[in-house]
Amino acid sequence: MKERLEALKAEALQELAQVTNQQQLNDMRVKYLGKKGPLTEVLRGMGALSAEERPVIGQVANDVRGAIEAVIESKQAEYLQAETEARLRAETIDVTLPGRPAGLGAVHPISKVIQQIEDIFVGMGYTVAEGPEVEQDYYNFEALNLPKNHPARDMQDSFYVTEDILLRTHTSPVQVRTMEKMKGEVPVKIICPGRVYRRDDDDATHSHMFTQIEGLVIDRNIRMSDLKGTLLQFVQELFGKQTQIRMRPSFFPFTEPSAEVDVTCAMCGGAGCRVCKQTGWLEILGSGMVHPRVLEMAGYDPEEYSGFAFGMGVERIAMLKYDVEDIRHFYTNDLRFLKQFVHL
C-alpha cells in the first residue's frame, strides 16, 4: 500500500505540473482529493492493515495529501495573482487626463419665479404663510363663503379623500387659517405660495397639480385703490416698469367686488401679437375685496375692517415671463428644457 501511495503521489504531481488554468486545477483537486478519488479509496482499505502498519501508512497518506494540496495551493495563488494583474492592466487609469466635470443642478424655473414673487412682496412688507395641502372642506370652501351644494364649487372640481377632507384646490385656506390665528388682530399682510390640486385634464395650459400664490391684506380703511396700486407695483417689479394693468369685473364667492387682472403683453408691449392673440393684454390673476361674510366668519367685524385678496398661478406667470407655450414642460424634467433657465 505504501508503494501505491508513492506512485499516486508521483502521478498526481506529474499531472499537476501540466495544468495551465484554473478549471484544470479544480478538476485535479476533485480527481485526487475528492470523495471518489484514488487517495480516499486507498485510505478506505486501511481497515485491513495490522495495528503496527496503520500509523505508518496513515503518515504516508497524509504526506501524499499534503504534497498534492501544496502544489494545488501554489498554483491557485499564481492564477489569482495573474488574474489580479490582468484586471489592473485592464482598469488602468491615466491620472494625467482631465477630469470629467460633475453636472451641477440649478433652481427649477417654477421655484425661481416663486422666489422672485416672494422677494417682491416681502419688500412691500408681506410675510410668507404656509398651510396643509390635505385640507378640511370647511377651510377650503365653507369659510370662504362656499357652503355645501354652492354652485361655485363646480368651478373647482376637487380630489376628495373623505366627505370632509380633500386636496386643497387653492391656497385660500391658508388665508382663513391665518385670520383665525390672528383672532381679529390687524394688520394682516401675507402671501401664501403652495401646490394645489384640481381634476383638470392635462393639456398645454392645464394641469391637475399646479402652484398658486395668493395674497391677503386686512386692516382699517383698505380700499380697491390699495389693491390696484399693490398689483401695479408687483407687475412692474416682475415684468418691467413699462408694464400696465387693467381690471375687469368678475365673480369670486370670497371677494366682492371681484376683478380679473390683465397686464400689457411683455412680448409686444401691448401692440398685439400671437401670444396675446392680438389684444395687447394677458390675464395673470384674480382679485377683489374680501367678502364681508368671509371676514365675519374669521372673527373680523366687516363694519370696522376691510381687506383685499388676490391669487395667481405661478406656472401662468412663468409661461408669460419666459414665453413657454406648454405648461407640461415644467414637469417632464427634460434637461434640454431646464438648462435654458440656469443663467436667467
# chains A, B, ... in the order shown; residues from 1 in each chain; ligands from 1
$ select_by_dssp --residues "region 94-242 of chain A" --states "strand (DSSP E)" --output "JSON, numbers by chain"
{"A": [127, 128, 134, 135, 136, 165, 166, 167, 188, 189, 190, 191, 192, 193, 194, 195, 196, 197, 209, 210, 211, 212, 213, 214, 215, 216, 217, 218, 219]}
$ write_last_selection --atoms "N, CA, C and O atoms" --output "mmCIF file, in the first residue's frame"
data_model
loop_
_atom_site.group_PDB
_atom_site.id
_atom_site.type_symbol
_atom_site.label_atom_id
_atom_site.label_comp_id
_atom_site.auth_asym_id
_atom_site.auth_seq_id
_atom_site.Cartn_x
_atom_site.Cartn_y
_atom_site.Cartn_z
ATOM 1 N N THR A 127 -45.532 88.964 4.765
ATOM 2 C CA THR A 127 -44.866 87.772 5.282
ATOM 3 C C THR A 127 -45.386 86.565 4.515
ATOM 4 O O THR A 127 -46.481 86.590 3.943
ATOM 5 N N VAL A 128 -44.602 85.503 4.515
ATOM 6 C CA VAL A 128 -44.958 84.282 3.784
ATOM 7 C C VAL A 128 -45.611 83.299 4.747
ATOM 8 O O VAL A 128 -45.042 82.967 5.794
ATOM 9 N N VAL A 134 -53.367 68.772 2.260
ATOM 10 C CA VAL A 134 -54.572 67.978 2.521
ATOM 11 C C VAL A 134 -55.401 68.783 3.508
ATOM 12 O O VAL A 134 -55.001 68.972 4.657
ATOM 13 N N GLU A 135 -56.548 69.272 3.060
ATOM 14 C CA GLU A 135 -57.268 70.302 3.796
ATOM 15 C C GLU A 135 -58.678 69.848 4.161
ATOM 16 O O GLU A 135 -59.245 68.936 3.548
ATOM 17 N N GLN A 136 -59.244 70.532 5.164
ATOM 18 C CA GLN A 136 -60.638 70.302 5.535
ATOM 19 C C GLN A 136 -61.559 71.081 4.589
ATOM 20 O O GLN A 136 -61.222 72.180 4.146
ATOM 21 N N ILE A 165 -62.590 65.823 3.821
ATOM 22 C CA ILE A 165 -61.150 66.010 3.621
ATOM 23 C C ILE A 165 -60.847 65.943 2.127
ATOM 24 O O ILE A 165 -61.340 65.053 1.432
ATOM 25 N N LEU A 166 -60.054 66.874 1.638
ATOM 26 C CA LEU A 166 -59.717 66.905 0.215
ATOM 27 C C LEU A 166 -58.334 67.509 0.011
ATOM 28 O O LEU A 166 -57.749 68.105 0.920
ATOM 29 N N LEU A 167 -57.813 67.331 -1.197
ATOM 30 C CA LEU A 167 -56.609 68.056 -1.589
ATOM 31 C C LEU A 167 -57.034 69.482 -1.918
ATOM 32 O O LEU A 167 -57.957 69.688 -2.706
ATOM 33 N N VAL A 188 -53.156 92.291 8.864
ATOM 34 C CA VAL A 188 -52.818 91.005 8.252
ATOM 35 C C VAL A 188 -52.263 91.323 6.870
ATOM 36 O O VAL A 188 -52.908 92.017 6.083
ATOM 37 N N LYS A 189 -51.101 90.817 6.587
ATOM 38 C CA LYS A 189 -50.456 91.134 5.303
ATOM 39 C C LYS A 189 -49.579 89.953 4.919
ATOM 40 O O LYS A 189 -48.419 89.876 5.280
ATOM 41 N N ILE A 190 -50.154 89.012 4.172
ATOM 42 C CA ILE A 190 -49.461 87.752 3.890
ATOM 43 C C ILE A 190 -49.569 87.387 2.413
ATOM 44 O O ILE A 190 -50.470 87.835 1.701
ATOM 45 N N ILE A 191 -48.638 86.544 1.969
ATOM 46 C CA ILE A 191 -48.783 85.818 0.712
ATOM 47 C C ILE A 191 -48.660 84.337 1.037
ATOM 48 O O ILE A 191 -47.982 83.946 1.999
ATOM 49 N N CYS A 192 -49.324 83.500 0.242
ATOM 50 C CA CYS A 192 -49.420 82.070 0.534
ATOM 51 C C CYS A 192 -49.030 81.270 -0.714
ATOM 52 O O CYS A 192 -49.894 81.018 -1.564
ATOM 53 N N PRO A 193 -47.792 80.872 -0.870
ATOM 54 C CA PRO A 193 -47.407 80.038 -2.010
ATOM 55 C C PRO A 193 -47.608 78.557 -1.694
ATOM 56 O O PRO A 193 -47.492 78.139 -0.533
ATOM 57 N N GLY A 194 -47.900 77.758 -2.712
ATOM 58 C CA GLY A 194 -48.027 76.326 -2.482
ATOM 59 C C GLY A 194 -48.689 75.597 -3.629
ATOM 60 O O GLY A 194 -49.299 76.202 -4.517
ATOM 61 N N ARG A 195 -48.583 74.268 -3.594
ATOM 62 C CA ARG A 195 -49.198 73.430 -4.620
ATOM 63 C C ARG A 195 -50.683 73.258 -4.343
ATOM 64 O O ARG A 195 -51.107 73.136 -3.192
ATOM 65 N N VAL A 196 -51.468 73.210 -5.416
ATOM 66 C CA VAL A 196 -52.909 72.984 -5.314
ATOM 67 C C VAL A 196 -53.312 71.940 -6.351
ATOM 68 O O VAL A 196 -52.558 71.668 -7.297
ATOM 69 N N TYR A 197 -54.502 71.364 -6.180
ATOM 70 C CA TYR A 197 -54.902 70.204 -6.983
ATOM 71 C C TYR A 197 -56.346 70.353 -7.459
ATOM 72 O O TYR A 197 -57.238 70.669 -6.667
ATOM 73 N N MET A 209 -52.161 69.356 -11.081
ATOM 74 C CA MET A 209 -51.424 69.924 -9.960
ATOM 75 C C MET A 209 -50.666 71.144 -10.466
ATOM 76 O O MET A 209 -50.005 71.078 -11.498
ATOM 77 N N PHE A 210 -50.781 72.246 -9.759
ATOM 78 C CA PHE A 210 -50.046 73.437 -10.158
ATOM 79 C C PHE A 210 -49.752 74.262 -8.908
ATOM 80 O O PHE A 210 -50.089 73.857 -7.789
ATOM 81 N N THR A 211 -49.118 75.393 -9.089
ATOM 82 C CA THR A 211 -48.663 76.204 -7.954
ATOM 83 C C THR A 211 -49.382 77.534 -7.945
ATOM 84 O O THR A 211 -49.510 78.183 -8.992
ATOM 85 N N GLN A 212 -49.882 77.926 -6.802
ATOM 86 C CA GLN A 212 -50.555 79.215 -6.641
ATOM 87 C C GLN A 212 -49.809 80.075 -5.622
ATOM 88 O O GLN A 212 -49.142 79.556 -4.723
ATOM 89 N N ILE A 213 -49.943 81.370 -5.802
ATOM 90 C CA ILE A 213 -49.552 82.312 -4.756
ATOM 91 C C ILE A 213 -50.722 83.264 -4.556
ATOM 92 O O ILE A 213 -51.172 83.913 -5.500
ATOM 93 N N GLU A 214 -51.231 83.297 -3.336
ATOM 94 C CA GLU A 214 -52.327 84.204 -3.012
ATOM 95 C C GLU A 214 -51.853 85.218 -1.978
ATOM 96 O O GLU A 214 -50.923 84.964 -1.207
ATOM 97 N N GLY A 215 -52.500 86.372 -1.996
ATOM 98 C CA GLY A 215 -52.164 87.414 -1.049
ATOM 99 C C GLY A 215 -53.392 87.897 -0.300
ATOM 100 O O GLY A 215 -54.519 87.819 -0.809
ATOM 101 N N LEU A 216 -53.195 88.377 0.905
ATOM 102 C CA LEU A 216 -54.303 88.868 1.728
ATOM 103 C C LEU A 216 -53.821 90.055 2.566
ATOM 104 O O LEU A 216 -52.756 89.998 3.182
ATOM 105 N N VAL A 217 -54.618 91.108 2.562
ATOM 106 C CA VAL A 217 -54.366 92.267 3.418
ATOM 107 C C VAL A 217 -55.660 92.619 4.138
ATOM 108 O O VAL A 217 -56.722 92.717 3.499
ATOM 109 N N ILE A 218 -55.615 92.766 5.441
ATOM 110 C CA ILE A 218 -56.766 93.195 6.245
ATOM 111 C C ILE A 218 -56.309 94.283 7.204
ATOM 112 O O ILE A 218 -55.299 94.145 7.891
ATOM 113 N N ASP A 219 -57.055 95.348 7.219
ATOM 114 C CA ASP A 219 -56.766 96.448 8.149
ATOM 115 C C ASP A 219 -57.953 97.407 8.087
ATOM 116 O O ASP A 219 -58.938 97.153 7.385
#
$ select_by_dssp --residues "region 87-207 of chain A" --states "alpha helix (DSSP H)" --output "short mmCIF file (atom, residue, chain, number, x, y, z; two decimals) with C-alpha atoms, in the first residue's frame"
data_model
loop_
_atom_site.label_atom_id
_atom_site.label_comp_id
_atom_site.auth_asym_id
_atom_site.auth_seq_id
_atom_site.Cartn_x
_atom_site.Cartn_y
_atom_site.Cartn_z
CA ARG A 87 -7.62 43.23 -14.13
CA LEU A 88 -5.37 46.06 -13.01
CA ARG A 89 -3.92 46.37 -16.53
CA ALA A 90 -7.44 46.47 -18.00
CA PRO A 109 -37.92 77.79 -13.21
CA ILE A 110 -41.09 77.47 -11.11
CA SER A 111 -39.09 77.76 -7.89
CA LYS A 112 -37.21 80.69 -9.39
CA VAL A 113 -40.46 82.56 -10.17
CA ILE A 114 -41.80 81.80 -6.67
CA GLN A 115 -38.64 83.26 -5.15
CA GLN A 116 -38.92 86.38 -7.32
CA ILE A 117 -42.57 86.91 -6.36
CA GLU A 118 -41.83 86.33 -2.67
CA ASP A 119 -38.96 88.83 -2.80
CA ILE A 120 -41.23 91.47 -4.34
CA PHE A 121 -43.97 91.12 -1.74
CA VAL A 122 -41.60 90.72 1.20
CA GLY A 123 -40.12 94.01 0.03
CA ASP A 137 -63.68 71.13 3.45
CA TYR A 138 -64.51 73.89 5.93
CA TYR A 139 -61.31 75.84 5.28
CA ASN A 140 -61.22 75.09 1.55
CA SER A 172 -57.04 80.46 0.16
CA PRO A 173 -57.42 78.11 3.17
CA VAL A 174 -54.09 79.48 4.38
CA GLN A 175 -55.68 82.93 4.46
CA VAL A 176 -58.56 81.62 6.59
CA ARG A 177 -56.21 79.83 8.98
CA THR A 178 -54.09 82.97 9.30
CA MET A 179 -57.14 85.13 10.08
CA GLU A 180 -58.27 82.64 12.73
CA LYS A 181 -54.79 82.61 14.23
CA MET A 182 -54.76 86.43 14.39
#
$ residues_around --residues "Val275 (chain A)" --least-positions-apart "5" --cutoff "10 Å" --atoms "only C-alpha atoms" --output "ChimeraX atom specification"
/A:265-268,280-282,320,323-325
$ closest_atom_pairs --of "region 287-309 of chain A" --to "region 229-248 of chain A" --cutoff "12 Å" --atoms "only C-alpha atoms" --output "tab-separated table"
residue	atom	partner	partner_atom	distance
A:Ser287	CA	A:Met247	CA	8.9
A:Gly288	CA	A:Met247	CA	9.8
A:Phe308	CA	A:Thr230	CA	10.2
A:Ala309	CA	A:Leu231	CA	10.5
$ write_last_selection --atoms "N, CA and C atoms" --output "PDB file, in the first residue's frame"
ATOM      1  N   SER A 287     -58.645  88.833  -8.346  1.00  0.00           N
ATOM      2  CA  SER A 287     -58.510  89.641  -7.140  1.00  0.00           C
ATOM      3  C   SER A 287     -59.859  90.199  -6.726  1.00  0.00           C
ATOM      4  N   GLY A 288     -59.864  90.905  -5.605  1.00  0.00           N
ATOM      5  CA  GLY A 288     -61.077  91.562  -5.160  1.00  0.00           C
ATOM      6  C   GLY A 288     -60.995  91.949  -3.696  1.00  0.00           C
ATOM      7  N   PHE A 308     -58.273  93.194   1.022  1.00  0.00           N
ATOM      8  CA  PHE A 308     -58.294  92.698  -0.356  1.00  0.00           C
ATOM      9  C   PHE A 308     -57.487  91.410  -0.436  1.00  0.00           C
ATOM     10  N   ALA A 309     -57.782  90.636  -1.494  1.00  0.00           N
ATOM     11  CA  ALA A 309     -57.092  89.367  -1.725  1.00  0.00           C
ATOM     12  C   ALA A 309     -56.835  89.223  -3.217  1.00  0.00           C
TER      13      ALA A 309
END
$ closest_atom_pairs --of "region 48-113 of chain A" --to "region 32-39 of chain A" --cutoff "10 Å" --atoms "only C-alpha atoms" --output "tab-separated table"
residue	atom	partner	partner_atom	distance
A:Ala61	CA	A:Leu39	CA	7.6
A:Asn62	CA	A:Leu39	CA	9.8
A:Val64	CA	A:Leu39	CA	8.5
A:Arg65	CA	A:Leu33	CA	7.5
A:Ile68	CA	A:Tyr32	CA	8.2
A:Glu69	CA	A:Leu33	CA	8.4
$ closest_residue --among "A:Asp164, A:Glu296, A:Glu91, A:Glu78" --to "Asn145 (chain A)" --atoms "only C-alpha atoms"
A:Glu296
$ residues_around --residues "Pro151 (chain A)" --least-positions-apart "6" --cutoff "12 Å" --atoms "only C-alpha atoms" --output "list of chain:residue names"
A:Phe141, A:Asn145, A:Asp157, A:Phe252, A:Pro253
$ closest_residue --among "A:Gly307, A:Gly270, A:Gly131, A:Gly66" --to "His170 (chain A)" --atoms "only C-alpha atoms"
A:Gly131
$ decode --residues "region 89-117 of chain A" --atoms "N, CA, C and O atoms" --output "compact mmCIF listing (two decimals), in the first residue's frame"
# COMPACT_ATOMS: atom_id res chain seq x y z
N ARG A 89 -4.35 45.84 -15.23
CA ARG A 89 -3.92 46.37 -16.53
C ARG A 89 -5.13 46.85 -17.33
O ARG A 89 -5.08 47.88 -18.01
N ALA A 90 -6.24 46.09 -17.25
CA ALA A 90 -7.44 46.47 -18.00
C ALA A 90 -8.11 47.72 -17.43
O ALA A 90 -8.76 48.47 -18.16
N GLU A 91 -7.92 47.94 -16.13
CA GLU A 91 -8.57 49.07 -15.48
C GLU A 91 -7.62 50.23 -15.22
O GLU A 91 -7.88 51.10 -14.40
N THR A 92 -6.52 50.25 -15.91
CA THR A 92 -5.53 51.31 -15.70
C THR A 92 -6.14 52.68 -16.01
O THR A 92 -6.82 52.86 -17.02
N ILE A 93 -5.93 53.64 -15.12
CA ILE A 93 -6.44 55.00 -15.29
C ILE A 93 -5.27 55.93 -15.54
O ILE A 93 -4.28 55.93 -14.80
N ASP A 94 -5.41 56.71 -16.59
CA ASP A 94 -4.39 57.71 -16.87
C ASP A 94 -4.69 58.93 -16.00
O ASP A 94 -5.60 59.71 -16.29
N VAL A 95 -3.92 59.09 -14.93
CA VAL A 95 -4.20 60.16 -13.98
C VAL A 95 -3.86 61.53 -14.55
O VAL A 95 -4.18 62.56 -13.94
N THR A 96 -3.22 61.56 -15.72
CA THR A 96 -2.90 62.86 -16.33
C THR A 96 -4.04 63.40 -17.17
O THR A 96 -4.00 64.56 -17.61
N LEU A 97 -5.08 62.56 -17.44
CA LEU A 97 -6.22 63.03 -18.22
C LEU A 97 -7.04 64.03 -17.41
O LEU A 97 -7.14 63.91 -16.19
N PRO A 98 -7.64 65.01 -18.07
CA PRO A 98 -8.51 65.94 -17.33
C PRO A 98 -9.74 65.24 -16.80
O PRO A 98 -10.25 64.30 -17.43
N GLY A 99 -10.22 65.65 -15.64
CA GLY A 99 -11.39 65.02 -15.03
C GLY A 99 -12.67 65.37 -15.77
O GLY A 99 -12.74 66.34 -16.51
N ARG A 100 -13.67 64.54 -15.57
CA ARG A 100 -14.98 64.81 -16.14
C ARG A 100 -15.75 65.74 -15.20
O ARG A 100 -15.95 65.41 -14.04
N PRO A 101 -16.15 66.89 -15.68
CA PRO A 101 -16.84 67.83 -14.78
C PRO A 101 -18.17 67.27 -14.28
O PRO A 101 -18.93 66.66 -15.05
N ALA A 102 -18.43 67.45 -13.01
CA ALA A 102 -19.70 67.00 -12.43
C ALA A 102 -20.80 67.97 -12.82
O ALA A 102 -20.63 69.19 -12.79
N GLY A 103 -21.93 67.40 -13.22
CA GLY A 103 -23.07 68.25 -13.57
C GLY A 103 -23.67 68.89 -12.33
O GLY A 103 -23.97 68.20 -11.35
N LEU A 104 -23.85 70.18 -12.36
CA LEU A 104 -24.42 70.89 -11.22
C LEU A 104 -25.90 71.17 -11.47
O LEU A 104 -26.30 71.49 -12.59
N GLY A 105 -26.69 71.04 -10.44
CA GLY A 105 -28.11 71.35 -10.56
C GLY A 105 -28.34 72.85 -10.54
O GLY A 105 -27.43 73.65 -10.34
N ALA A 106 -29.57 73.24 -10.78
CA ALA A 106 -29.94 74.65 -10.78
C ALA A 106 -31.36 74.78 -10.25
O ALA A 106 -32.09 73.79 -10.13
N VAL A 107 -31.74 75.98 -9.92
CA VAL A 107 -33.09 76.22 -9.39
C VAL A 107 -34.11 76.02 -10.52
O VAL A 107 -33.94 76.54 -11.62
N HIS A 108 -35.14 75.25 -10.24
CA HIS A 108 -36.21 75.00 -11.22
C HIS A 108 -36.89 76.32 -11.57
O HIS A 108 -37.04 77.20 -10.71
N PRO A 109 -37.31 76.51 -12.84
CA PRO A 109 -37.92 77.79 -13.21
C PRO A 109 -39.14 78.16 -12.38
O PRO A 109 -39.35 79.34 -12.09
N ILE A 110 -39.93 77.17 -11.97
CA ILE A 110 -41.09 77.47 -11.11
C ILE A 110 -40.62 77.98 -9.75
O ILE A 110 -41.12 78.98 -9.23
N SER A 111 -39.63 77.31 -9.18
CA SER A 111 -39.09 77.76 -7.89
C SER A 111 -38.48 79.14 -8.03
O SER A 111 -38.57 79.98 -7.12
N LYS A 112 -37.85 79.39 -9.17
CA LYS A 112 -37.21 80.69 -9.39
C LYS A 112 -38.27 81.80 -9.42
O LYS A 112 -38.08 82.88 -8.83
N VAL A 113 -39.40 81.55 -10.10
CA VAL A 113 -40.46 82.56 -10.17
C VAL A 113 -41.08 82.77 -8.79
O VAL A 113 -41.37 83.91 -8.39
N ILE A 114 -41.27 81.67 -8.03
CA ILE A 114 -41.80 81.80 -6.67
C ILE A 114 -40.89 82.69 -5.83
O ILE A 114 -41.35 83.58 -5.11
N GLN A 115 -39.58 82.46 -5.92
CA GLN A 115 -38.64 83.26 -5.15
C GLN A 115 -38.71 84.73 -5.55
O GLN A 115 -38.66 85.62 -4.69
N GLN A 116 -38.84 84.99 -6.86
CA GLN A 116 -38.92 86.38 -7.32
C GLN A 116 -40.18 87.05 -6.78
O GLN A 116 -40.14 88.21 -6.32
N ILE A 117 -41.31 86.34 -6.84
CA ILE A 117 -42.57 86.91 -6.36
C ILE A 117 -42.50 87.14 -4.84
O ILE A 117 -42.93 88.19 -4.34
